[in-house]
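A.B. asks: Handing you this structure, nothing more for now.
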Protein chains: 2
Amino acid sequence: MLVVQKYGGTSVGSTERIRAVADRVARTRGEGHDVVVVVSAMGHTTDELVDLAGAIVDRPDAREMDQLLATGEQVSAALLAMRLISLGVPAKSLTGWQAGIATEPVHGNARVARIDTSALKALLAQGVVPVVTGFQGIADGEVTTLGRGGSDTSAVAIAAALGADLCEIYTDVEGVYTTDPRVVKTAQKLAAISYDEMLELANLGAQVLHPRAVENAKHFGVKLVVRSSFTERNGTEVVAENQMEGRRVVTGIAFERQVARVAVVGVPVEEHALASIFSALADRGVNVDVIVQSVVDEQAVDVSFTVHESDLDKAEQIVAELQSKIGFKRIEKESPLAKVSIVGAGMISNPGVAAQMFVALRDAKVPIHMVTTSEIKVSCVIPADLVEEAVQALHRAFIEAEAVTPLTHAR
Amino acid sequence: MLVVQKYGGTSVGSTERIRAVADRVARTRGEGHDVVVVVSAMGHTTDELVDLAGAIVDRPDAREMDQLLATGEQVSAALLAMRLISLGVPAKSLTGWQAGIATEPVHGNARVARIDTSALKALLAQGVVPVVTGFQGIADGEVTTLGRGGSDTSAVAIAAALGADLCEIYTDVEGVYTTDPRVVKTAQKLAAISYDEMLELANLGAQVLHPRAVENAKHFGVKLVVRSSFTERNGTEVVAENQMEGRRVVTGIAFERQVARVAVVGVPVEEHALASIFSALADRGVNVDVIVQSVVDEQAVDVSFTVHESDLDKAEQIVAELQSKIGFKRIEKESPLAKVSIVGAGMISNPGVAAQMFVALRDAKVPIHMVTTSEIKVSCVIPADLVEEAVQALHRAFIEAEAVTPLTHAR
């Protein structure tokens, strides 16, 4: 079996951790598998490099930032390779350009364009473990980086290019949980989750896997496993929906704090208010999440949307600047709020899941300020101080109340 | 004019220092010169990376060590380039492979084989300042390093390949002095020194310039200037002997502490004792400096040599193991000793300089244990506790007593 193992920053956060990772790689190889390792920078290295640049200039040049940040993974890869060699496991660290990872010619947030696998295949054929720097590639002779969380993307891209049997993402949590175990003590580790569910959860703030990596894994059919480098326990498989063998209607409960709502009240219907408002916000770099438009009467609509709390004042100001153009009545703002979401591919074939959610929240005395839905997700915006009650109520209603056929868990 | 400026570890030792270096590069460019910058790693970065590897394995793999160490210069080069850009000076950092620095396929101590100057020339033609990582190159797609002090070698090699008008080596001292100013308060900064003299001084422990860089500068006729990045003062020019306009007989007084002497007494003449002894020492990694063989009688010779104090016991043991083979009488060892040397190309045409040295040392009551000479150098091994008196006496005799025609100092 060919396994790609990706180790995140915490997993290689110290020289001791790197030795532990080397032991795990050696063991996997001892079991007869071929291994390609992808590593992140050690612990907070990337943040430290960003701080260093910040001490030199206010707005670092993007190309030079990539040259700078790429060193982080080069250090951890070299250290891991030398440890493997000392354990008698032939290994070679490869930077992005050495590993043939070609990206778009963009700095700071490039996408992988293609992988020239000749170097990797040659090493594997010689029985050498390639230790590849995650997060980086090359475009026209220039070092590029893939953005935060980019090592997940590197690992998935390499697994896809090599046709690997498995891509293991090692992190500091044991897998994907039905919800945050710090909020719900009875949260359960999922044996499996579908790509689409994982995408909804990744975007909802369950920061286990980078969304782009999940997208690519789905696209190329790469079998992912999220697991901890600190234990030997099984993790969570991320697989195609049709490979899920038994399931609940709802797979997980996600939530986000520091949500704020802006309401633009009394917008004349003849104005293209949505286009004006959200173009202005995007141009000024404000990320908008939930958008709701409600009809007030024949002449006017109310538009409300959520932003991160730290963007609230900026968003309000941007909208206020549009008043003369749009002619709305007034702006209201509301904060602190939170968003709770239920995610599950099973709800496509189960009507009434949204209603069940509203009932559960009503019974928990949690008022709902906004609602938004997708095929496999329902989100409610609620008061911030009720987020824990809401998550616990939803976990009881959708997870604990429902049994699930256990999934067999491969390797 | 095309100027190569090399900045050492202290010169780029902090973000403040990097900003100061950027100002200097910008100023040089403002004067109408083209500039190529070569940088070392920040401060003690290289030592820290070596320590990191030491915490992972006892004997790091040489290839992986190079992958690891090369990151140090990549960080300083990227930071300097981003600072230059923020000052409005177009700049690009280049790693060894990006700059086209091809070396022998050796790890840890490679020599520069050739430089593909196309990338550097293209940037210069566009008015961009290339900021090149010193100390590293590439061989067959592998990252190589040039050994400690290798950034000097990088700078000289780039200056030679580009036909630069000047190669400035910026460091934390103002230039090359007649002797160590900490020992002799009246030590003078030299306006100029010849390549050969600099080589003798570099090898004698005046750690301003790496000997290999001086050799290459001599070979390719690269005009070097050693100067401080902390002041605006003129430094020391390193030029060909025939470009020295006025000179003293002796240019500088060098010294080395922690010298130890091993004497092998009563070696039968018929044995090839020198070959046996020094092959055995070399095989076991003991560096030998001064070697003296004296005839005792027709049957026997005495062989004595100096090593670094820390190698004394090892050297003694290695020689002792040869006793049955060579059949010498006994081994004597002596420590702590020191070595003082006078260096000057002028002594080629001035017989009697060695005699003057012996007189000066006798008058200062410094006994001489060993003597060794080259065309432009005389070295004496003396008791360690008299090294300061000896250096001061020699400085008075050869430097302070003799006037010199001042040399004009270009740029």
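Residues in the structure tokens are named by chain (A, B, ... in the order shown) and by number from 1 within that chain; ligands are numbered from 1 in the order shown.
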Using only C-alpha atoms, determine which residues of chain A fall within 10 Å of chain B; present them as JSON, numbers by chain.

C.D. replies: {"A": [14, 15, 16, 17, 18, 19, 49, 52, 53, 54, 55, 56, 57, 58, 59, 60, 61, 62, 63, 64, 65, 66, 67, 68, 69, 70, 71, 72, 73, 74, 75, 76, 77, 78, 79, 80, 81, 82, 83, 84, 85, 86, 87, 91, 92, 93, 94, 95, 97, 98, 141, 142, 143]}

A.B. asks: I'd like the contact shell of Asp165 of chain B - 9 Å cut-off, only C-alpha atoms, skipping same-chain residues fewer than 6 positions apart - returned as a list in words.

C.D. replies: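 Listing them by chain and then by number gives Met1, Leu2, Val3, Val4, Ala159, Val222 and Lys223 of chain B.
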
A.B. asks: Could you turn the residues from that selection into a file that holds C-alpha atoms, as a compact mmCIF listing (two decimals), in the first residue's frame?

C.D. replies:
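Generated file (out04.txt):
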# COMPACT_ATOMS: atom_id res chain seq x y z
CA MET B 1 30.45 50.66 -11.38
CA LEU B 2 29.24 47.16 -10.44
CA VAL B 3 29.71 46.46 -6.75
CA VAL B 4 29.17 43.17 -4.92
CA ALA B 159 32.14 39.24 -8.29
CA VAL B 222 38.80 40.59 -7.72
CA LYS B 223 39.42 43.81 -5.80

A.B. asks: Expressed in Å to a single decimal, how great is the separation between atom CA of Arg261 of chain B and atom CA of Val343 of chain B?

C.D. replies: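 Between these atoms lies a distance of 22.2 Å.
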
A.B. asks: Could you find all residues in segment 71-310 of chain A that DSSP calls strand (DSSP E) from the backbone, and write them as a ChimeraX atom specification?

C.D. replies: /A:91-94,101-103,112-115,129-133,136-139,142-145,166-171,192-194,224-228,236-239,252-268,288-295,300-308

A.B. asks: Could you pull out the helix (DSSP H, G or I) residues of segment 15-252 of chain B from DSSP and send them as a PyMOL selection string?

C.D. replies: chain B and resi 15-30+45-56+62-86+118-125+150-162+195-203+211-220+241-243

A.B. asks: Hey, which of A:Ala22, A:Leu120, A:Val129, A:Val112 ends up closest to Ala99 of chain A? Count only C-alpha atoms.

C.D. replies: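 Of A:Ala22, A:Leu120, A:Val129, A:Val112, the one nearest Ala99 of chain A is A:Leu120, counting only C-alpha atoms.
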
A.B. asks: Neighbours of Met198 of chain B within 9 Å (only C-alpha atoms; same-chain residues fewer than 6 positions away dropped), as a ChimeraX atom specification?

C.D. replies: /B:176,206,209,211,214,238,343

A.B. asks: What would the file look like if the residues just selected were written as a PDB file, in the first residue's frame with N, CA, C and O atoms?

C.D. replies:
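Full text of result_18.pdb as output:
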ATOM      1  N   VAL B 176      41.356  45.452   8.272  1.00  0.00           N
ATOM      2  CA  VAL B 176      42.443  44.598   8.731  1.00  0.00           C
ATOM      3  C   VAL B 176      43.438  45.485   9.478  1.00  0.00           C
ATOM      4  O   VAL B 176      43.819  46.540   8.983  1.00  0.00           O
ATOM      5  N   ALA B 206      43.542  35.694  11.970  1.00  0.00           N
ATOM      6  CA  ALA B 206      42.877  36.998  11.942  1.00  0.00           C
ATOM      7  C   ALA B 206      41.583  36.779  11.172  1.00  0.00           C
ATOM      8  O   ALA B 206      41.552  36.816   9.956  1.00  0.00           O
ATOM      9  N   LEU B 209      38.484  37.450   6.935  1.00  0.00           N
ATOM     10  CA  LEU B 209      38.130  36.973   5.601  1.00  0.00           C
ATOM     11  C   LEU B 209      38.445  35.494   5.501  1.00  0.00           C
ATOM     12  O   LEU B 209      39.482  35.044   5.981  1.00  0.00           O
ATOM     13  N   PRO B 211      39.974  32.256   4.064  1.00  0.00           N
ATOM     14  CA  PRO B 211      41.136  32.062   3.183  1.00  0.00           C
ATOM     15  C   PRO B 211      40.748  31.669   1.748  1.00  0.00           C
ATOM     16  O   PRO B 211      41.336  32.172   0.790  1.00  0.00           O
ATOM     17  N   VAL B 214      39.913  34.635  -0.248  1.00  0.00           N
ATOM     18  CA  VAL B 214      41.093  35.436  -0.610  1.00  0.00           C
ATOM     19  C   VAL B 214      41.827  34.785  -1.782  1.00  0.00           C
ATOM     20  O   VAL B 214      42.213  35.460  -2.749  1.00  0.00           O
ATOM     21  N   VAL B 238      42.140  44.876  -0.284  1.00  0.00           N
ATOM     22  CA  VAL B 238      42.986  43.705  -0.500  1.00  0.00           C
ATOM     23  C   VAL B 238      43.250  43.643  -1.996  1.00  0.00           C
ATOM     24  O   VAL B 238      42.316  43.474  -2.793  1.00  0.00           O
ATOM     25  N   VAL B 343      54.088  39.092   9.269  1.00  0.00           N
ATOM     26  CA  VAL B 343      53.690  38.832   7.887  1.00  0.00           C
ATOM     27  C   VAL B 343      53.964  40.079   7.066  1.00  0.00           C
ATOM     28  O   VAL B 343      53.614  41.178   7.481  1.00  0.00           O
TER      29      VAL B 343
END

A.B. asks: Check the smallest atom-to-atom distance from each of A:Val353, A:Met347, A:Ile169, A:Ala280 to Leu224 of chain A using only C-alpha atoms, then report the winner.

C.D. replies: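 Among the listed residues, A:Ile169 lies closest to Leu224 of chain A.
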
A.B. asks: Quick one: everything within 12 Å of Pro181 of chain B, counting only C-alpha atoms, minus sequence neighbours fewer than 5 positions away in the same chain. Send it as a PyMOL selection string.

C.D. replies: chain B and resi 173-176+186-189+206+252-254+388+391-392+395

A.B. asks: I need the chosen residues saved as a tab-separated table (two decimals), in the first residue's frame, with all heavy atoms.

C.D. replies:
chain	number	residue	atom	x	y	z
B	173	VAL	N	34.17	44.57	12.08
B	173	VAL	CA	35.40	45.33	12.34
B	173	VAL	C	35.64	46.27	11.16
B	173	VAL	O	35.11	46.06	10.08
B	173	VAL	CB	36.62	44.41	12.57
B	173	VAL	CG1	36.42	43.56	13.81
B	173	VAL	CG2	36.90	43.55	11.36
B	174	GLU	N	36.47	47.29	11.40
B	174	GLU	CA	36.59	48.33	10.38
B	174	GLU	C	37.55	47.98	9.26
B	174	GLU	O	37.69	48.73	8.29
B	174	GLU	CB	37.02	49.64	11.03
B	174	GLU	CG	35.89	50.26	11.81
B	174	GLU	CD	36.19	51.70	12.22
B	174	GLU	OE1	37.16	52.29	11.70
B	174	GLU	OE2	35.46	52.22	13.07
B	175	GLY	N	38.25	46.86	9.41
B	175	GLY	CA	39.20	46.49	8.36
B	175	GLY	C	40.23	45.54	8.94
B	175	GLY	O	39.99	44.90	9.97
B	176	VAL	N	41.36	45.45	8.27
B	176	VAL	CA	42.44	44.60	8.73
B	176	VAL	C	43.44	45.49	9.48
B	176	VAL	O	43.82	46.54	8.98
B	176	VAL	CB	43.13	43.90	7.54
B	176	VAL	CG1	44.22	42.97	8.02
B	176	VAL	CG2	42.10	43.15	6.70
B	186	THR	N	47.98	50.57	20.11
B	186	THR	CA	48.39	51.41	18.99
B	186	THR	C	48.26	50.68	17.65
B	186	THR	O	48.81	51.14	16.65
B	186	THR	CB	49.85	51.86	19.19
B	186	THR	OG1	50.62	50.69	19.49
B	186	THR	CG2	49.97	52.86	20.32
B	187	ALA	N	47.58	49.56	17.62
B	187	ALA	CA	47.37	48.84	16.35
B	187	ALA	C	46.72	49.78	15.34
B	187	ALA	O	45.86	50.60	15.70
B	187	ALA	CB	46.49	47.62	16.59
B	188	GLN	N	47.15	49.68	14.10
B	188	GLN	CA	46.66	50.61	13.07
B	188	GLN	C	45.85	49.86	12.02
B	188	GLN	O	46.21	48.75	11.63
B	188	GLN	CB	47.85	51.29	12.37
B	188	GLN	CG	48.71	52.11	13.31
B	188	GLN	CD	50.11	52.32	12.76
B	188	GLN	OE1	50.32	52.26	11.55
B	188	GLN	NE2	51.06	52.57	13.64
B	189	LYS	N	44.79	50.50	11.54
B	189	LYS	CA	44.04	49.91	10.43
B	189	LYS	C	44.86	50.08	9.16
B	189	LYS	O	45.39	51.15	8.89
B	189	LYS	CB	42.68	50.60	10.28
B	189	LYS	CG	41.80	49.94	9.25
B	189	LYS	CD	40.39	50.49	9.28
B	189	LYS	CE	40.37	51.96	8.86
B	189	LYS	NZ	39.04	52.55	9.04
B	206	ALA	N	43.54	35.69	11.97
B	206	ALA	CA	42.88	37.00	11.94
B	206	ALA	C	41.58	36.78	11.17
B	206	ALA	O	41.55	36.82	9.96
B	206	ALA	CB	43.76	38.03	11.24
B	252	GLY	N	51.74	43.03	9.16
B	252	GLY	CA	50.93	42.73	10.34
B	252	GLY	C	51.57	41.70	11.24
B	252	GLY	O	52.46	40.95	10.84
B	253	ILE	N	51.11	41.72	12.49
B	253	ILE	CA	51.59	40.78	13.50
B	253	ILE	C	50.40	39.90	13.88
B	253	ILE	O	49.41	40.42	14.40
B	253	ILE	CB	52.06	41.51	14.78
B	253	ILE	CG1	52.83	42.79	14.46
B	253	ILE	CG2	52.80	40.56	15.71
B	253	ILE	CD1	54.21	42.60	13.95
B	254	ALA	N	50.50	38.62	13.62
B	254	ALA	CA	49.41	37.72	13.98
B	254	ALA	C	49.83	36.85	15.15
B	254	ALA	O	51.02	36.67	15.40
B	254	ALA	CB	49.03	36.85	12.79
B	388	GLU	N	51.36	38.40	24.86
B	388	GLU	CA	51.07	39.84	24.72
B	388	GLU	C	52.35	40.67	24.66
B	388	GLU	O	52.47	41.56	23.82
B	388	GLU	CB	50.17	40.31	25.86
B	388	GLU	CG	48.89	39.48	25.93
B	388	GLU	CD	47.68	40.24	26.39
B	388	GLU	OE1	47.83	41.37	26.89
B	388	GLU	OE2	46.55	39.71	26.22
B	391	VAL	N	53.84	40.21	21.16
B	391	VAL	CA	53.14	40.93	20.09
B	391	VAL	C	53.43	42.43	20.21
B	391	VAL	O	53.69	43.11	19.21
B	391	VAL	CB	51.63	40.64	20.15
B	391	VAL	CG1	50.87	41.55	19.19
B	391	VAL	CG2	51.36	39.18	19.82
B	392	GLN	N	53.40	42.94	21.45
B	392	GLN	CA	53.67	44.37	21.63
B	392	GLN	C	55.09	44.73	21.20
B	392	GLN	O	55.32	45.75	20.54
B	392	GLN	CB	53.41	44.77	23.09
B	392	GLN	CG	51.91	44.82	23.40
B	392	GLN	CD	51.58	44.62	24.87
B	392	GLN	OE1	52.49	44.46	25.70
B	392	GLN	NE2	50.30	44.62	25.20
B	395	HIS	N	55.22	44.66	17.43
B	395	HIS	CA	54.51	45.79	16.86
B	395	HIS	C	55.35	47.06	16.94
B	395	HIS	O	55.42	47.84	15.98
B	395	HIS	CB	53.17	45.99	17.59
B	395	HIS	CG	52.17	46.81	16.82
B	395	HIS	ND1	52.00	48.16	17.01
B	395	HIS	CD2	51.30	46.46	15.82
B	395	HIS	CE1	51.06	48.61	16.19
B	395	HIS	NE2	50.61	47.60	15.45

A.B. asks: To one decimal place, how far is atom CA of Ile291 of chain B from atom CA of Val259 of chain B in Å?

C.D. replies: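 Here the two named atoms are 12.7 Å from each other.
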
A.B. asks: Provide the atom CA of Glu316 of chain A to atom CA of Ala282 of chain A distance in Å, to one decimal place.

C.D. replies: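 Result for atom CA of Glu316 of chain A versus atom CA of Ala282 of chain A: 13.3 Å, one decimal.
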
A.B. asks: Show which residues sit within 6 Å of segment 366-377 of chain A, as a count of residues only. Count only C-alpha atoms, and ignore same-chain residues fewer than 4 positions away.

C.D. replies: 9

A.B. asks: Here is a test: counting only C-alpha atoms, which residue of B:Arg330, B:Leu166, B:Gln136, B:Val239 is nearest to Leu199 of chain B?

C.D. replies: B:Val239

A.B. asks: List as a PyMOL selection string the protein and nucleic acid residues near Gln293 of chain B, meaning an atom at most 10 Å away when only C-alpha atoms are counted, but skip any in the same chain fewer than 2 places from it.

C.D. replies: chain B and resi 263-264+274+291+295-296+301-305

A.B. asks: Emit the selected residues as a compact mmCIF listing (two decimals), in the first residue's frame, including N, CA, C and O atoms.

C.D. replies:
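Writing the result to out_12.txt gives the following:
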# COMPACT_ATOMS: atom_id res chain seq x y z
N ALA B 263 56.98 16.49 20.98
CA ALA B 263 58.32 16.18 20.45
C ALA B 263 58.49 14.67 20.48
O ALA B 263 58.23 14.02 21.50
N VAL B 264 58.91 14.12 19.35
CA VAL B 264 59.21 12.70 19.29
C VAL B 264 60.74 12.61 19.25
O VAL B 264 61.38 13.02 18.29
N LEU B 274 58.60 10.70 9.51
CA LEU B 274 57.71 11.83 9.21
C LEU B 274 56.45 11.32 8.51
O LEU B 274 55.33 11.69 8.88
N ILE B 291 55.91 22.14 11.85
CA ILE B 291 56.66 20.88 11.94
C ILE B 291 58.15 21.20 11.87
O ILE B 291 58.59 21.93 10.99
N VAL B 295 68.36 17.23 13.46
CA VAL B 295 69.26 16.08 13.50
C VAL B 295 69.94 16.03 14.85
O VAL B 295 70.50 17.03 15.32
N VAL B 296 69.90 14.89 15.51
CA VAL B 296 70.56 14.74 16.81
C VAL B 296 71.97 14.20 16.59
O VAL B 296 72.96 14.76 17.04
N VAL B 301 67.05 11.39 14.75
CA VAL B 301 66.53 12.77 14.61
C VAL B 301 65.46 12.99 15.67
O VAL B 301 64.87 12.03 16.19
N ASP B 302 65.20 14.26 15.99
CA ASP B 302 64.04 14.61 16.81
C ASP B 302 63.01 15.27 15.89
O ASP B 302 63.36 16.12 15.06
N VAL B 303 61.76 14.88 16.06
CA VAL B 303 60.68 15.49 15.27
C VAL B 303 59.75 16.18 16.26
O VAL B 303 59.29 15.56 17.21
N SER B 304 59.50 17.48 16.04
CA SER B 304 58.47 18.08 16.89
C SER B 304 57.47 18.83 16.03
O SER B 304 57.76 19.26 14.92
N PHE B 305 56.26 18.92 16.56
CA PHE B 305 55.17 19.57 15.81
C PHE B 305 54.18 20.18 16.79
O PHE B 305 54.17 19.83 17.97

A.B. asks: Would you kindly return, as a list of chain:residue names, each protein, DNA or RNA residue with an atom no farther than 9 Å from any atom of Ala161 of chain A, considering only C-alpha atoms and excluding same-chain residues fewer than 2 positions away?

C.D. replies: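 Those residues are A:Arg114, A:Ile115, A:Asp116, A:Thr117, A:Val156, A:Ala157, A:Ile158, A:Ala159, A:Gly163, A:Ala164, A:Phe220.
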